[in-house]
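Asks: Here it is, the structure, as structure tokens.
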Amino acid sequence: MNGLFRFSARIVAAACTLLLIGSSALRGQTAPASSDSRTASTAASAQAMVGSSGLEFLENKGQVVDDQGRKVESVRFTAHSNGAKLFFMPDRIAHVFIEASGPGAKYEPGKGISSKELDQTRIRYQRVDMELVGASQNVNLRGEGVLPGVTNFFTAAAGPDGITGVRSFSTIVYENVYPNIDLVLKARGKGMKAEFIVRPGGDPSQIRLRVSNADGVELTSEGGYRIRTALGVITEDAPYSFIRTANGEQEVAVRFRLDGDVIAFDVPTYDRSQTLVIDPGRDWSTFHGGDDDDVGTGIAVQRSFNPASTTSYIYICGYTAGGTFPIVSASQGTFGGGAYDAFVAAYQYGGTRAYSTYFGGSNDDRAWGITADGSGQVWVVGQSRSAAWGSGFFTNGNAGDVDAFVARFDAGGTPQAARFVGGTNDDYFLAVAYDGTNLTCGGYTASPGLATAGVFQTTYNGLYCGMIARLPATTLNAITWLTYYGNNTGTLNGQETYVTSLSPRGTGGEVWVGGYTNSPNTANAIATTGSFNTVVNNNGSGTTTGAVNFDGFVALMTSSGGRTAATYYGAVLNDRVLGVAADPLDATAVIAVGRTNSINAGNLIASATGFNTVLNNGTNSTAFDDGFVTRLTVSGQPSAETGGATGVRPPMTTSPALRWTIIT
């Protein structure tokens, strides 16, 4: 977290402690603004400022007081979670929901609040307790995972010197809340996840949570529970529980049970000599395969997901060698032949398989990428050695040994259209993107003569050249445009460029492209002038060093196949961009991930202020790869098909929520 943001949020957060704990004496009421309204409106301001930060457990060193100004020592920790204030006591957790309405509820930096506006401000609040029924009197409630920074409270109740040095934690533990049972609470973004750890000798039937002051408690159809209040809802997903054995995790089918206002667990027979972990946060998981080789390569999520419905929302693709591969509501129920067939499958919430089908002909066929729209249509891309198969949905034939393919499936998993894309040599699609109108495919090729007129690069060079293609999303009956990418040296050579990932930039047809190459930047083949890195295998001083290894690259392509901006991403050794995603909050930005074994010369991989700036956990060993994540922005507007803007990496101060990092 950015240090400046953290400090400012801490100052205002202190002001709302009195109000929120004081609401325990006035639960469920609506109060007019009064002499305490300044605190109330400050609380709303604090909530607005800290709303984008993650949950943290703050220790109580005396800053928590009741509505009479008395310190509440039974509260050991506090936290904010999705509009509620949480208070953690040895025998319970209190959720206080607060809602401010009127002029004093809106935080506007630099603007004061008049007495009239304060009088018009209304505060509603409701406290809901979850009591640990029968909890041990000797529970050890402690924090783990100390977070950077401290909080200082300067309030009337804190005295003239204030309360300073208050630490925050990522985890709190109720050790031995029941005999041989711990309750572990972990921060998860803006929310919190609870786990019960039942050691040998512990009895999980002792775990009982009584809910008080709620408007209702109910089990959900997905196996979780929901606590309703007038101001907010507390939800918990169905528990996933397991014991650890010598062979790994063994699931135990624990279920929630509701006894009036008490939430308990139904626990089947299990090996009591092992530690049982209840509800560590996995919704569901499943194998997808049979008794032969099965490889999942791509995943897509439907945009209009409703967890209460039975609509499919997770789609996967890959390839399989057949055998006992699972077939459900399949449009192709038998293995086509060759080494592998592609497959496509859909899942509903909770892991129910909606359909699973082969997609392949008499030779080797593999799917590598998939995307979906809001209605359940999916587009799948990959490679094929087969002639056209199926019931006439292919719009053309295979032109070479290995051709790329793209296929559209309806919501039931039946192919509606498909097309081969390629020439006389080998061609592959690895990625696909759909923005609601425009369908873009990306991969690599060894075939000349594929590019259309007027695009960024019309000439094929190298051993393998990247390719990016636009097709009609519904019919797939033509190539709207296709451009090569990379190896623009004018002669055939051993250079290789691969497009690995795509992400739409809005809905206007522009698309972010990620990949890797060992091509030099002849005639700006890879990177535009003035971009973050314009030199392949950059040694940190702007020149190429040693043998030409792979560098990652990121580019922004126009709706007509031109290029707006592009940059290398890498240093001296091997670097690959394997995924890109448009920043949903900033149309000028893209997030890229990949792998590298390059030393961070010139901060070409990790920013100087990044979370981790040294390869392989500080050793600079190049024997193994590290992952990386980075954010890139585009400035300016394109002036020509080859671009007039630049791809640059912004300074850390413009992205306080992002840590430039090598992930180890």
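Each chain in the structure tokens gets a letter, A, B and so on, in the order shown; residues start at 1 in every chain, and ligands are counted from 1 in the order they appear.
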List as a PyMOL selection string the protein and nucleic acid residues near Gly506 in chain A, meaning an atom at most 9 Å away when only C-alpha atoms are counted, but skip any in the same chain fewer than 5 places from it.
Replies: chain A and resi 435+511+582+584+587
Asks: Step one, run DSSP on the backbone; step two, keep only residues of range 280-472 of chain A assigned to strand (DSSP E); then write them as a ChimeraX atom specification.
Replies: /A:294-301,312-320,341-348,353-359,365-372,378-384,403-409,415-421,427-434,439-445,465-471
Asks: Which residues are near range 397-406 of chain A? Cut-off 8 Å, only C-alpha atoms, ignore same chain within fewer than 2 positions. Put them as JSON, numbers by chain.
Replies: {"A": [379, 380, 381, 382, 383, 384, 385, 386, 387, 388, 394, 395, 408, 418, 419, 420, 421, 422, 423, 424, 425, 426, 427, 428, 429, 441, 476]}
Asks: Report the distance between CA of Ile172 in chain A and CA of Phe97 in chain A in Å, rounded to one decimal place.
Replies: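 Going from CA of Ile172 in chain A over to CA of Phe97 in chain A, I get 21.2 Å.
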Asks: Of the candidates A:Val96, A:Val128, A:Leu578, A:Ala601, which one gets nearest to Val629 in chain A if we count only C-alpha atoms?
Replies: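 Closest to Val629 in chain A of all the choices is A:Leu578.
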Asks: CA of Ile234 in chain A to CA of Ser312 in chain A: how many Å, to one decimal?
Replies: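 Separating CA of Ile234 in chain A from CA of Ser312 in chain A is a distance of 25.5 Å.
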Asks: Skip Gln377 in chain A itself and residues of its chain fewer than 3 positions away, then list as a short mmCIF file (atom, residue, chain, number, x, y, z; two decimals) with C-alpha atoms, in the first residue's frame all residues within 7 Å of it, counting only C-alpha atoms.
Replies:
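Output file result.cif is given in full below:
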```
data_model
loop_
_atom_site.label_atom_id
_atom_site.label_comp_id
_atom_site.auth_asym_id
_atom_site.auth_seq_id
_atom_site.Cartn_x
_atom_site.Cartn_y
_atom_site.Cartn_z
CA ALA A 372 -17.05 -16.13 -23.99
CA ASP A 373 -19.80 -13.55 -24.30
CA PHE A 409 -20.06 -22.69 -30.10
CA ASP A 410 -23.57 -21.87 -28.91
CA ALA A 411 -24.63 -21.92 -25.25
#
```
Asks: Please measure the separation of CA of Gly594 in chain A and CA of Leu615 in chain A, giving the value in Å to one decimal.
Replies: 13.7 Å
Asks: With only C-alpha atoms as the atoms that count, which of A:Ala214, A:Ala407, A:Ala417, A:Ala446 lies nearest to Ser391 in chain A?
Replies: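 Using only C-alpha atoms, the shortest distance to Ser391 in chain A belongs to A:Ala417.
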Asks: Find, counting only C-alpha atoms, the residue in A:Thr171, A:Ser136, A:Ser501, A:Ser531 that gets nearest to Ile207 in chain A.
Replies: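 Among the listed residues, the smallest separation from Ile207 in chain A belongs to A:Ser136.
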Asks: Can you tell me, as number ranges by chain, what residues are no more than 8 Å from Glu131 in chain A when counting only C-alpha atoms, ignoring any on the same chain fewer than 2 positions away?
Replies: A: 91-93, 129, 133, 209-212
Asks: Under the rule that only C-alpha atoms are counted, which of A:Asn538, A:Glu218, A:Gly466, A:Thr480 is the nearest residue to Asp259 in chain A?
Replies: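 Looking at the shortest contact to Asp259 in chain A, the residue is A:Glu218.
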Asks: Within 10 Å of range 539-546 of chain A, counting only C-alpha atoms, which residues show up once you throw out same-chain ones fewer than 2 positions away? Write them as a list of chain:residue names, please.
Replies: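 Selected residues are A:Pro520, A:Asn533, A:Thr534, A:Val535, A:Val536, A:Asn537, A:Val548, A:Asn549, A:Gly570, A:Ala571, A:Val572, A:Leu573, A:Ser598, A:Ile599, A:Asn600, A:Ala601, A:Gly602, A:Asn603, A:Leu604.
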Asks: Based on the selection just made, write C-alpha atoms of those residues as a compact mmCIF listing (two decimals), in the first residue's frame.
Replies:
```
# COMPACT_ATOMS: atom_id res chain seq x y z
CA PRO A 520 15.87 -7.05 -33.30
CA ASN A 533 12.39 -0.38 -24.07
CA THR A 534 13.31 -0.35 -27.76
CA VAL A 535 16.30 -2.74 -27.70
CA VAL A 536 16.20 -6.53 -27.70
CA ASN A 537 18.24 -8.09 -24.86
CA VAL A 548 19.97 -12.90 -28.93
CA ASN A 549 17.58 -14.44 -26.40
CA GLY A 570 13.00 -7.85 -20.92
CA ALA A 571 16.72 -7.65 -20.32
CA VAL A 572 19.75 -9.76 -21.32
CA LEU A 573 18.50 -13.33 -20.86
CA SER A 598 17.16 -11.87 -16.52
CA ILE A 599 18.99 -9.86 -13.88
CA ASN A 600 17.18 -6.58 -13.30
CA ALA A 601 19.73 -4.38 -15.10
CA GLY A 602 18.55 -0.80 -15.40
CA ASN A 603 15.27 -1.73 -13.67
CA LEU A 604 14.06 -3.17 -16.97
```
